[in-house]
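This is start_20.pdb (PDB, C-alpha atoms and all ligand atoms).
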```pdb
MODEL        1
ATOM      1  CA  MET D  14      57.685-171.970 146.305  1.00  0.00           C
ATOM      2  CA  SER D  15      54.915-170.442 144.165  1.00  0.00           C
ATOM      3  CA  SER D  16      51.429-171.655 144.909  1.00  0.00           C
ATOM      4  CA  THR D  17      50.931-173.295 141.518  1.00  0.00           C
ATOM      5  CA  ARG D  18      54.153-175.217 142.094  1.00  0.00           C
ATOM      6  CA  PHE D  19      53.060-176.625 145.453  1.00  0.00           C
ATOM      7  CA  LEU D  20      49.696-177.517 144.004  1.00  0.00           C
ATOM      8  CA  ALA D  21      51.301-179.480 141.172  1.00  0.00           C
ATOM      9  CA  MET D  22      53.534-181.118 143.762  1.00  0.00           C
ATOM     10  CA  ILE D  23      50.558-182.416 145.769  1.00  0.00           C
ATOM     11  CA  GLU D  24      49.120-184.007 142.651  1.00  0.00           C
ATOM     12  CA  GLU D  25      52.452-185.679 141.868  1.00  0.00           C
ATOM     13  CA  ASN D  26      52.830-186.847 145.449  1.00  0.00           C
ATOM     14  CA  ILE D  27      49.405-188.493 145.353  1.00  0.00           C
ATOM     15  CA  ALA D  28      50.243-190.215 142.078  1.00  0.00           C
ATOM     16  CA  ARG D  29      53.443-191.632 143.656  1.00  0.00           C
ATOM     17  CA  ILE D  30      51.555-192.797 146.749  1.00  0.00           C
ATOM     18  CA  LYS D  31      49.013-194.585 144.543  1.00  0.00           C
ATOM     19  CA  GLU D  32      51.867-196.399 142.775  1.00  0.00           C
ATOM     20  CA  ARG D  33      53.281-197.459 146.136  1.00  0.00           C
ATOM     21  CA  ILE D  34      49.825-198.635 147.269  1.00  0.00           C
ATOM     22  CA  GLY D  35      49.465-200.583 144.027  1.00  0.00           C
ATOM     23  CA  ALA D  36      52.802-202.342 144.536  1.00  0.00           C
ATOM     24  CA  ALA D  37      52.002-203.274 148.145  1.00  0.00           C
ATOM     25  CA  CYS D  38      48.568-204.549 147.102  1.00  0.00           C
ATOM     26  CA  SER D  39      50.025-206.869 144.500  1.00  0.00           C
ATOM     27  CA  THR D  40      52.444-208.252 147.114  1.00  0.00           C
ATOM     28  CA  ARG D  41      49.476-209.033 149.347  1.00  0.00           C
ATOM     29  CA  GLY D  42      47.138-210.079 146.555  1.00  0.00           C
ATOM     30  CA  VAL D  43      44.428-207.479 147.091  1.00  0.00           C
ATOM     31  CA  THR D  44      43.199-204.667 144.874  1.00  0.00           C
ATOM     32  CA  PRO D  45      43.966-200.981 145.502  1.00  0.00           C
ATOM     33  CA  GLU D  46      40.206-200.305 145.693  1.00  0.00           C
ATOM     34  CA  GLU D  47      40.213-202.159 149.012  1.00  0.00           C
ATOM     35  CA  ILE D  48      42.548-199.580 150.558  1.00  0.00           C
ATOM     36  CA  THR D  49      41.241-196.227 151.806  1.00  0.00           C
ATOM     37  CA  LEU D  50      43.858-193.505 151.650  1.00  0.00           C
ATOM     38  CA  VAL D  51      43.194-190.939 154.361  1.00  0.00           C
ATOM     39  CA  ALA D  52      45.157-187.759 153.628  1.00  0.00           C
ATOM     40  CA  VAL D  53      46.225-186.317 156.970  1.00  0.00           C
ATOM     41  CA  THR D  54      45.622-182.572 156.726  1.00  0.00           C
ATOM     42  CA  LYS D  55      46.571-181.350 160.219  1.00  0.00           C
ATOM     43  CA  GLY D  56      48.436-178.077 159.911  1.00  0.00           C
ATOM     44  CA  ARG D  57      47.668-177.855 156.160  1.00  0.00           C
ATOM     45  CA  SER D  58      45.908-174.927 154.528  1.00  0.00           C
ATOM     46  CA  LEU D  59      42.492-174.924 152.899  1.00  0.00           C
ATOM     47  CA  ALA D  60      44.199-174.438 149.514  1.00  0.00           C
ATOM     48  CA  GLU D  61      46.325-177.541 150.056  1.00  0.00           C
ATOM     49  CA  ILE D  62      43.287-179.580 151.076  1.00  0.00           C
ATOM     50  CA  ARG D  63      41.292-178.395 148.060  1.00  0.00           C
ATOM     51  CA  GLU D  64      44.166-179.367 145.801  1.00  0.00           C
ATOM     52  CA  ALA D  65      44.363-182.842 147.327  1.00  0.00           C
ATOM     53  CA  VAL D  66      40.613-183.255 146.845  1.00  0.00           C
ATOM     54  CA  GLY D  67      40.995-182.058 143.252  1.00  0.00           C
ATOM     55  CA  ALA D  68      43.602-184.786 142.783  1.00  0.00           C
ATOM     56  CA  GLY D  69      41.140-187.446 143.928  1.00  0.00           C
ATOM     57  CA  ILE D  70      41.408-187.542 147.726  1.00  0.00           C
ATOM     58  CA  ARG D  71      38.035-188.381 149.302  1.00  0.00           C
ATOM     59  CA  ASP D  72      39.070-188.914 152.932  1.00  0.00           C
ATOM     60  CA  ILE D  73      40.842-186.418 155.148  1.00  0.00           C
ATOM     61  CA  GLY D  74      42.191-186.876 158.680  1.00  0.00           C
ATOM     62  CA  GLU D  75      42.533-184.232 161.371  1.00  0.00           C
ATOM     63  CA  ASN D  76      43.905-184.646 164.869  1.00  0.00           C
ATOM     64  CA  ARG D  77      42.315-181.671 166.630  1.00  0.00           C
ATOM     65  CA  VAL D  78      38.620-180.979 166.901  1.00  0.00           C
ATOM     66  CA  GLN D  79      39.091-177.207 166.984  1.00  0.00           C
ATOM     67  CA  GLU D  80      41.155-177.109 163.787  1.00  0.00           C
ATOM     68  CA  ALA D  81      38.806-179.560 162.084  1.00  0.00           C
ATOM     69  CA  LEU D  82      35.762-177.465 163.001  1.00  0.00           C
ATOM     70  CA  SER D  83      37.113-174.332 161.361  1.00  0.00           C
ATOM     71  CA  LYS D  84      38.158-176.250 158.228  1.00  0.00           C
ATOM     72  CA  TYR D  85      34.798-177.994 158.110  1.00  0.00           C
ATOM     73  CA  GLY D  86      33.108-174.593 158.127  1.00  0.00           C
ATOM     74  CA  ALA D  87      34.962-173.718 154.933  1.00  0.00           C
ATOM     75  CA  LEU D  88      34.977-177.117 153.199  1.00  0.00           C
ATOM     76  CA  HIS D  89      31.804-178.954 154.216  1.00  0.00           C
ATOM     77  CA  SER D  90      30.336-178.564 150.726  1.00  0.00           C
ATOM     78  CA  LEU D  91      33.119-180.769 149.325  1.00  0.00           C
ATOM     79  CA  CYS D  92      32.218-184.407 148.931  1.00  0.00           C
ATOM     80  CA  ILE D  93      34.707-185.838 151.435  1.00  0.00           C
ATOM     81  CA  ARG D  94      34.688-187.972 154.537  1.00  0.00           C
ATOM     82  CA  TRP D  95      36.136-186.529 157.745  1.00  0.00           C
ATOM     83  CA  HIS D  96      38.301-188.695 159.990  1.00  0.00           C
ATOM     84  CA  MET D  97      39.322-187.899 163.571  1.00  0.00           C
ATOM     85  CA  ILE D  98      42.731-189.449 164.185  1.00  0.00           C
ATOM     86  CA  GLY D  99      44.007-187.632 167.287  1.00  0.00           C
ATOM     87  CA  HIS D 100      43.318-188.087 170.994  1.00  0.00           C
ATOM     88  CA  LEU D 101      39.752-186.998 171.741  1.00  0.00           C
ATOM     89  CA  GLN D 102      38.850-185.454 175.072  1.00  0.00           C
ATOM     90  CA  ALA D 103      35.380-186.320 176.328  1.00  0.00           C
ATOM     91  CA  ASN D 104      34.419-182.643 176.455  1.00  0.00           C
ATOM     92  CA  LYS D 105      35.037-182.395 172.680  1.00  0.00           C
ATOM     93  CA  ALA D 106      32.771-185.326 171.814  1.00  0.00           C
ATOM     94  CA  LYS D 107      29.817-183.033 171.202  1.00  0.00           C
ATOM     95  CA  ASP D 108      31.634-181.149 168.425  1.00  0.00           C
ATOM     96  CA  ALA D 109      33.307-184.298 167.088  1.00  0.00           C
ATOM     97  CA  VAL D 110      30.050-186.143 166.392  1.00  0.00           C
ATOM     98  CA  ARG D 111      28.783-183.173 164.384  1.00  0.00           C
ATOM     99  CA  ILE D 112      31.552-183.339 161.795  1.00  0.00           C
ATOM    100  CA  PHE D 113      33.372-186.674 161.763  1.00  0.00           C
ATOM    101  CA  ASP D 114      32.325-189.671 159.684  1.00  0.00           C
ATOM    102  CA  LEU D 115      34.789-191.957 161.464  1.00  0.00           C
ATOM    103  CA  ILE D 116      36.548-191.463 164.814  1.00  0.00           C
ATOM    104  CA  HIS D 117      39.709-193.626 164.797  1.00  0.00           C
ATOM    105  CA  SER D 118      41.012-192.648 168.203  1.00  0.00           C
ATOM    106  CA  VAL D 119      38.550-193.969 170.786  1.00  0.00           C
ATOM    107  CA  ASP D 120      40.961-194.824 173.587  1.00  0.00           C
ATOM    108  CA  SER D 121      38.810-195.210 176.708  1.00  0.00           C
ATOM    109  CA  LEU D 122      35.346-196.419 177.676  1.00  0.00           C
ATOM    110  CA  ARG D 123      34.725-193.006 179.155  1.00  0.00           C
ATOM    111  CA  VAL D 124      35.150-191.283 175.785  1.00  0.00           C
ATOM    112  CA  ALA D 125      33.158-194.033 174.036  1.00  0.00           C
ATOM    113  CA  TYR D 126      30.327-193.453 176.486  1.00  0.00           C
ATOM    114  CA  GLU D 127      30.406-189.705 175.834  1.00  0.00           C
ATOM    115  CA  ILE D 128      30.439-190.142 172.032  1.00  0.00           C
ATOM    116  CA  ASP D 129      27.471-192.508 172.365  1.00  0.00           C
ATOM    117  CA  ARG D 130      25.580-189.993 174.498  1.00  0.00           C
ATOM    118  CA  GLN D 131      26.266-187.039 172.190  1.00  0.00           C
ATOM    119  CA  SER D 132      25.390-189.084 169.097  1.00  0.00           C
ATOM    120  CA  ALA D 133      22.079-190.062 170.677  1.00  0.00           C
ATOM    121  CA  LEU D 134      21.269-186.376 171.220  1.00  0.00           C
ATOM    122  CA  ILE D 135      21.605-185.629 167.500  1.00  0.00           C
ATOM    123  CA  GLY D 136      20.099-188.906 166.304  1.00  0.00           C
ATOM    124  CA  LYS D 137      23.316-190.243 164.808  1.00  0.00           C
ATOM    125  CA  ARG D 138      24.998-193.606 164.942  1.00  0.00           C
ATOM    126  CA  GLN D 139      28.702-192.754 165.024  1.00  0.00           C
ATOM    127  CA  ASP D 140      31.246-195.009 163.325  1.00  0.00           C
ATOM    128  CA  ILE D 141      34.316-195.546 165.509  1.00  0.00           C
ATOM    129  CA  LEU D 142      37.555-197.502 165.745  1.00  0.00           C
ATOM    130  CA  LEU D 143      39.333-198.454 168.949  1.00  0.00           C
ATOM    131  CA  GLU D 144      42.868-197.146 169.216  1.00  0.00           C
ATOM    132  CA  VAL D 145      45.211-199.872 170.406  1.00  0.00           C
ATOM    133  CA  LYS D 146      48.651-199.392 171.875  1.00  0.00           C
ATOM    134  CA  THR D 147      50.675-202.078 170.127  1.00  0.00           C
ATOM    135  CA  SER D 148      53.955-200.848 171.608  1.00  0.00           C
ATOM    136  CA  LEU D 149      54.723-200.030 175.212  1.00  0.00           C
ATOM    137  CA  GLU D 150      55.559-196.356 174.760  1.00  0.00           C
ATOM    138  CA  LYS D 151      54.229-194.519 177.806  1.00  0.00           C
ATOM    139  CA  THR D 152      53.428-191.411 175.830  1.00  0.00           C
ATOM    140  CA  LYS D 153      50.900-193.156 173.617  1.00  0.00           C
ATOM    141  CA  PHE D 154      47.158-193.191 174.005  1.00  0.00           C
ATOM    142  CA  GLY D 155      45.175-196.361 173.429  1.00  0.00           C
ATOM    143  CA  PHE D 156      43.880-199.589 174.898  1.00  0.00           C
ATOM    144  CA  SER D 157      46.208-202.480 175.578  1.00  0.00           C
ATOM    145  CA  ALA D 158      45.333-205.538 173.491  1.00  0.00           C
ATOM    146  CA  GLN D 159      43.647-207.152 176.490  1.00  0.00           C
ATOM    147  CA  GLU D 160      41.646-204.040 177.343  1.00  0.00           C
ATOM    148  CA  ALA D 161      40.549-203.730 173.717  1.00  0.00           C
ATOM    149  CA  VAL D 162      38.950-207.192 173.792  1.00  0.00           C
ATOM    150  CA  HIS D 163      36.884-206.188 176.807  1.00  0.00           C
ATOM    151  CA  ALA D 164      36.087-202.703 175.437  1.00  0.00           C
ATOM    152  CA  ALA D 165      34.877-204.129 172.122  1.00  0.00           C
ATOM    153  CA  GLN D 166      32.383-206.381 173.943  1.00  0.00           C
ATOM    154  CA  GLU D 167      31.155-203.508 176.040  1.00  0.00           C
ATOM    155  CA  ILE D 168      30.844-201.064 173.125  1.00  0.00           C
ATOM    156  CA  ALA D 169      28.961-203.591 171.013  1.00  0.00           C
ATOM    157  CA  GLY D 170      26.057-202.862 173.352  1.00  0.00           C
ATOM    158  CA  PHE D 171      26.118-199.061 172.883  1.00  0.00           C
ATOM    159  CA  THR D 172      23.148-198.109 170.737  1.00  0.00           C
ATOM    160  CA  HIS D 173      24.609-194.998 169.081  1.00  0.00           C
ATOM    161  CA  LEU D 174      28.067-196.312 168.279  1.00  0.00           C
ATOM    162  CA  LYS D 175      29.034-198.607 165.457  1.00  0.00           C
ATOM    163  CA  LEU D 176      32.373-200.254 166.131  1.00  0.00           C
ATOM    164  CA  LYS D 177      34.021-200.804 162.741  1.00  0.00           C
ATOM    165  CA  GLY D 178      37.581-201.815 163.562  1.00  0.00           C
ATOM    166  CA  LEU D 179      40.923-201.009 165.135  1.00  0.00           C
ATOM    167  CA  MET D 180      43.604-198.359 164.735  1.00  0.00           C
ATOM    168  CA  THR D 181      47.203-198.178 165.862  1.00  0.00           C
ATOM    169  CA  VAL D 182      50.126-195.787 165.635  1.00  0.00           C
ATOM    170  CA  ALA D 183      53.304-197.845 165.322  1.00  0.00           C
ATOM    171  CA  PRO D 184      56.364-196.550 167.154  1.00  0.00           C
ATOM    172  CA  ILE D 185      58.865-194.484 165.212  1.00  0.00           C
ATOM    173  CA  THR D 186      61.369-196.975 163.839  1.00  0.00           C
ATOM    174  CA  VAL D 187      64.635-196.648 161.944  1.00  0.00           C
ATOM    175  CA  THR D 188      63.425-198.771 159.049  1.00  0.00           C
ATOM    176  CA  PRO D 189      59.808-199.356 157.967  1.00  0.00           C
ATOM    177  CA  GLU D 190      60.397-203.106 158.245  1.00  0.00           C
ATOM    178  CA  GLU D 191      60.779-202.763 162.019  1.00  0.00           C
ATOM    179  CA  ALA D 192      57.163-201.609 162.256  1.00  0.00           C
ATOM    180  CA  ARG D 193      55.873-204.919 160.836  1.00  0.00           C
ATOM    181  CA  PRO D 194      55.353-206.760 164.171  1.00  0.00           C
ATOM    182  CA  TYR D 195      53.085-203.975 165.443  1.00  0.00           C
ATOM    183  CA  PHE D 196      50.901-204.233 162.357  1.00  0.00           C
ATOM    184  CA  GLN D 197      50.804-208.007 162.660  1.00  0.00           C
ATOM    185  CA  GLU D 198      49.716-207.674 166.266  1.00  0.00           C
ATOM    186  CA  LEU D 199      46.803-205.401 165.371  1.00  0.00           C
ATOM    187  CA  ARG D 200      45.602-207.758 162.652  1.00  0.00           C
ATOM    188  CA  LYS D 201      45.716-210.753 165.018  1.00  0.00           C
ATOM    189  CA  LEU D 202      43.882-208.759 167.653  1.00  0.00           C
ATOM    190  CA  LYS D 203      41.098-207.922 165.205  1.00  0.00           C
ATOM    191  CA  ASP D 204      40.725-211.593 164.309  1.00  0.00           C
ATOM    192  CA  SER D 205      40.574-212.686 167.933  1.00  0.00           C
ATOM    193  CA  ILE D 206      38.083-209.963 168.897  1.00  0.00           C
ATOM    194  CA  ASN D 207      35.869-211.036 166.013  1.00  0.00           C
ATOM    195  CA  GLN D 208      36.028-214.670 167.086  1.00  0.00           C
ATOM    196  CA  ALA D 209      35.611-214.114 170.808  1.00  0.00           C
ATOM    197  CA  GLY D 210      32.832-211.564 170.539  1.00  0.00           C
ATOM    198  CA  HIS D 211      31.047-212.748 167.401  1.00  0.00           C
ATOM    199  CA  LEU D 212      31.783-209.316 165.943  1.00  0.00           C
ATOM    200  CA  GLN D 213      32.644-208.352 162.388  1.00  0.00           C
ATOM    201  CA  LEU D 214      35.227-205.636 162.716  1.00  0.00           C
ATOM    202  CA  GLY D 215      36.447-204.908 159.189  1.00  0.00           C
ATOM    203  CA  ILE D 216      38.685-201.847 159.332  1.00  0.00           C
ATOM    204  CA  LEU D 217      42.383-201.892 160.188  1.00  0.00           C
ATOM    205  CA  SER D 218      43.684-198.315 160.246  1.00  0.00           C
ATOM    206  CA  MET D 219      47.473-198.551 160.297  1.00  0.00           C
ATOM    207  CA  GLY D 220      50.489-197.283 158.364  1.00  0.00           C
ATOM    208  CA  MET D 221      51.716-193.725 157.743  1.00  0.00           C
ATOM    209  CA  SER D 222      53.984-192.036 155.170  1.00  0.00           C
ATOM    210  CA  SER D 223      57.086-194.048 156.031  1.00  0.00           C
ATOM    211  CA  ASP D 224      55.600-197.500 156.517  1.00  0.00           C
ATOM    212  CA  PHE D 225      52.229-197.839 154.798  1.00  0.00           C
ATOM    213  CA  GLU D 226      53.438-200.514 152.354  1.00  0.00           C
ATOM    214  CA  ILE D 227      54.388-202.773 155.268  1.00  0.00           C
ATOM    215  CA  ALA D 228      51.022-202.039 156.904  1.00  0.00           C
ATOM    216  CA  ILE D 229      49.162-202.978 153.700  1.00  0.00           C
ATOM    217  CA  GLU D 230      51.155-206.202 153.437  1.00  0.00           C
ATOM    218  CA  GLU D 231      50.022-207.009 156.984  1.00  0.00           C
ATOM    219  CA  GLY D 232      46.351-206.327 156.372  1.00  0.00           C
ATOM    220  CA  ALA D 233      45.766-202.568 156.586  1.00  0.00           C
ATOM    221  CA  ASN D 234      42.760-201.400 154.589  1.00  0.00           C
ATOM    222  CA  MET D 235      42.953-197.792 155.780  1.00  0.00           C
ATOM    223  CA  ILE D 236      46.210-195.842 155.791  1.00  0.00           C
ATOM    224  CA  ARG D 237      46.811-192.361 157.207  1.00  0.00           C
ATOM    225  CA  VAL D 238      49.297-190.406 155.134  1.00  0.00           C
ATOM    226  CA  GLY D 239      50.348-186.817 155.790  1.00  0.00           C
ATOM    227  CA  SER D 240      53.852-185.733 154.810  1.00  0.00           C
ATOM    228  CA  ALA D 241      54.035-187.966 151.720  1.00  0.00           C
ATOM    229  CA  VAL D 242      50.948-186.158 150.364  1.00  0.00           C
ATOM    230  CA  PHE D 243      51.837-182.587 151.236  1.00  0.00           C
ATOM    231  CA  ALA D 244      55.587-182.206 151.721  1.00  0.00           C
ATOM    232  CA  GLY D 245      58.122-181.479 148.996  1.00  0.00           C
TER     233      GLY D 245
HETATM  234  C1  LIG V 301      50.184-187.057 161.652  1.00  0.00           C
HETATM  235  C2  LIG V 301      49.582-188.398 161.735  1.00  0.00           C
HETATM  236  C3  LIG V 301      49.662-189.290 160.655  1.00  0.00           C
HETATM  237  C4  LIG V 301      50.401-188.994 159.363  1.00  0.00           C
HETATM  238  O1  LIG V 301      51.785-189.013 159.576  1.00  0.00           O
HETATM  239  P1  LIG V 301      52.797-188.860 158.335  1.00  0.00           P
HETATM  240  O2  LIG V 301      54.051-189.456 158.853  1.00  0.00           O
HETATM  241  O3  LIG V 301      52.903-187.389 158.081  1.00  0.00           O
HETATM  242  O4  LIG V 301      52.233-189.602 157.203  1.00  0.00           O
HETATM  243  C5  LIG V 301      49.027-190.523 160.788  1.00  0.00           C
HETATM  244  N1  LIG V 301      48.369-190.867 161.920  1.00  0.00           N
HETATM  245  C6  LIG V 301      48.281-190.032 162.977  1.00  0.00           C
HETATM  246  C7  LIG V 301      47.539-190.477 164.180  1.00  0.00           C
HETATM  247  C8  LIG V 301      48.878-188.775 162.922  1.00  0.00           C
HETATM  248  O5  LIG V 301      48.790-187.959 163.977  1.00  0.00           O
ENDMDL
END
```

Kindly present the structure from the file in structure tokens form.
Ligand SMILES: *Cc1c(COP(=O)(O)O)cnc(C)c1O
Amino acid sequence: MSSTRFLAMIEENIARIKERIGAACSTRGVTPEEITLVAVTKGRSLAEIREAVGAGIRDIGENRVQEALSKYGALHSLCIRWHMIGHLQANKAKDAVRIFDLIHSVDSLRVAYEIDRQSALIGKRQDILLEVKTSLEKTKFGFSAQEAVHAAQEIAGFTHLKLKGLMTVAPITVTPEEARPYFQELRKLKDSINQAGHLQLGILSMGMSSDFEIAIEEGANMIRVGSAVFAG
């Protein structure tokens, strides 16, 4: 495919995604402005990312600190927010706090502690989400629902973290509809954490290319979309 053709394709893809977001929002009775579309750019080139930004993307998601660092070096002058969506090792926290606006994938108190410590060293208060394992897949990272309640209380006392909400990766399902219970569970968990801990978690990061409409219907206000943005 010629490069101008893939660039036009990205723009078209984003337009289609916005239509799908619009439809899901009217089902739920919210406005599309309430939904943050994070374009997942792992494995994508700088040219592809620039094109997405040219087509209106303001939030990009990466799942590896190393890859994000090299892209950030080339793109940091663009007016975009950087999201960390992959498993973060504690020894990468130092680099992560330098570049990410929001870390979605805080999956242990140990890594939360390290992000807090590294943020303190650079005088930053780092926005984070807790990653919650809503399904029982052994391969997944994340807190169980019960652990997340406890972790949220604990992290509320960390001076250089700002806990903004919850994130989940639903299991791969045959139909998008089958992912609905996992999204419902995350929304209920957010409500009960807010009640129990007198917290005001606002962000629900859930839904990907195949199932983001269902996620929006169930309360997502941040969706992470990769292949639907970039693939042909
Ligand atoms: C890759 C990835 C996505 C995007 O997946 P698509 O199916 O390509 O939209 C979303 N969230 C996480 C955590 C990912 O790693």

Give me the chain D side of the contact with ligand LIG 301 (chain V), cut-off 8 Å, one line per residue showing its nearest atom pair and distance in Å at one decimal, counting all atoms listed in the file, sorted by chain and residue number, as JSON lines.
```
{"residue": "D:Ala52", "atom": "CA", "partner": "V:LIG301", "partner_atom": "C4", "distance": 7.9}
{"residue": "D:Val53", "atom": "CA", "partner": "V:LIG301", "partner_atom": "C4", "distance": 5.5}
{"residue": "D:Lys55", "atom": "CA", "partner": "V:LIG301", "partner_atom": "C1", "distance": 6.9}
{"residue": "D:Glu75", "atom": "CA", "partner": "V:LIG301", "partner_atom": "O5", "distance": 7.7}
{"residue": "D:Asn76", "atom": "CA", "partner": "V:LIG301", "partner_atom": "O5", "distance": 6.0}
{"residue": "D:Ile98", "atom": "CA", "partner": "V:LIG301", "partner_atom": "C7", "distance": 4.9}
{"residue": "D:Gly99", "atom": "CA", "partner": "V:LIG301", "partner_atom": "C7", "distance": 5.5}
{"residue": "D:Ser118", "atom": "CA", "partner": "V:LIG301", "partner_atom": "C7", "distance": 8.0}
{"residue": "D:Thr181", "atom": "CA", "partner": "V:LIG301", "partner_atom": "C7", "distance": 7.9}
{"residue": "D:Val182", "atom": "CA", "partner": "V:LIG301", "partner_atom": "C7", "distance": 6.1}
{"residue": "D:Met219", "atom": "CA", "partner": "V:LIG301", "partner_atom": "N1", "distance": 7.9}
{"residue": "D:Gly220", "atom": "CA", "partner": "V:LIG301", "partner_atom": "C5", "distance": 7.3}
{"residue": "D:Met221", "atom": "CA", "partner": "V:LIG301", "partner_atom": "O4", "distance": 4.2}
{"residue": "D:Ser222", "atom": "CA", "partner": "V:LIG301", "partner_atom": "O4", "distance": 3.6}
{"residue": "D:Ser223", "atom": "CA", "partner": "V:LIG301", "partner_atom": "O2", "distance": 6.2}
{"residue": "D:Ile236", "atom": "CA", "partner": "V:LIG301", "partner_atom": "C5", "distance": 7.8}
{"residue": "D:Arg237", "atom": "CA", "partner": "V:LIG301", "partner_atom": "C5", "distance": 4.6}
{"residue": "D:Val238", "atom": "CA", "partner": "V:LIG301", "partner_atom": "O4", "distance": 3.7}
{"residue": "D:Gly239", "atom": "CA", "partner": "V:LIG301", "partner_atom": "O3", "distance": 3.5}
{"residue": "D:Ser240", "atom": "CA", "partner": "V:LIG301", "partner_atom": "O3", "distance": 3.8}
{"residue": "D:Ala241", "atom": "CA", "partner": "V:LIG301", "partner_atom": "O4", "distance": 6.0}
{"residue": "D:Val242", "atom": "CA", "partner": "V:LIG301", "partner_atom": "O4", "distance": 7.8}
```

Between CA of Ala37 in chain D and CA of Ile23 in chain D, what is the spacing in Å? 21.0 Å

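Comparing D:Ala65, D:Ala28, D:Leu88, D:Leu50 by their smallest distance to Ala233 in chain D, the closest is D:Leu50 (using all atoms listed in the file).
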
List the spatial neighbours of Lys146 in chain D as a list of chain:residue names - criterion: any atom at most 6 Å away, only C-alpha atoms, same-chain residues fewer than 3 positions off excluded. D:Gly155, D:Phe156, D:Ser157

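The interatomic distance for the pair CA of Ala106 in chain D and CA of Arg123 in chain D works out to 10.8 Å.
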
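Taking CA of Arg138 in chain D and CA of Lys175 in chain D as endpoints, the distance between them is 6.4 Å.
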
Just say which residues the PyMOL selection byres (((chain D and resi 142) around 7) and not hetatm) picks in this file, as a ChimeraX atom specification. /D:116-119,141,143-144,176-180

For the file shown, report as a VMD selection string the outcome of the PyMOL selection byres (((chain D and resi 183) around 10) and not hetatm) at residue level. chain D and resid 145 to 148 150 153 180 to 182 184 to 186 189 191 to 196 199 219 to 221 224 228

Tell me which residues the PyMOL selection byres (((chain D and resi 214) around 12) and not hetatm) grabs here, as a ChimeraX atom specification. /D:140-143,162,165-166,169,175-180,199-213,215-218,234

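Every residue within 12 Å of the file position (51.5, -200.1, 143.4), judged by only C-alpha atoms, is given as Ile27, Ala28, Arg29, Ile30, Lys31, Glu32, Arg33, Ile34, Gly35, Ala36, Ala37, Cys38, Ser39, Thr40, Arg41, Gly42, Val43, Thr44, Pro45, Glu46, Ile48, Phe225, Glu226, Ile229 and Glu230 of chain D.
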
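Between Asn104 in chain D and the residues D:Glu190, D:Glu127, D:Glu47, D:Glu24, the shortest atom-to-atom distance, using all atoms listed in the file, involves D:Glu127.
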
Could you list, as an mmCIF file with C-alpha atoms, keeping the file's coordinate frame, every residue within 10 Å of Lys137 in chain D, counting all atoms listed in the file and ignoring same-chain residues fewer than 5 positions away?
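Contents of the output file result_23.cif:
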```cif
data_model
loop_
_atom_site.group_PDB
_atom_site.id
_atom_site.type_symbol
_atom_site.label_atom_id
_atom_site.label_comp_id
_atom_site.auth_asym_id
_atom_site.auth_seq_id
_atom_site.Cartn_x
_atom_site.Cartn_y
_atom_site.Cartn_z
ATOM 1 C CA VAL D 110 30.050 -186.143 166.392
ATOM 2 C CA ARG D 111 28.783 -183.173 164.384
ATOM 3 C CA ASP D 129 27.471 -192.508 172.365
ATOM 4 C CA ARG D 130 25.580 -189.993 174.498
ATOM 5 C CA GLN D 131 26.266 -187.039 172.190
ATOM 6 C CA SER D 132 25.390 -189.084 169.097
ATOM 7 C CA THR D 172 23.148 -198.109 170.737
ATOM 8 C CA HIS D 173 24.609 -194.998 169.081
ATOM 9 C CA LEU D 174 28.067 -196.312 168.279
#
```

Give the centre and edge lengths of an axis-aligned box, in Å to one decimal, that holds all listed atoms of range 227-235 of chain D with 5 Å on each side, as JSON.
```
{"center_x": 48.6, "center_y": -202.4, "center_z": 155.2, "size_x": 21.6, "size_y": 19.2, "size_z": 13.5}
```
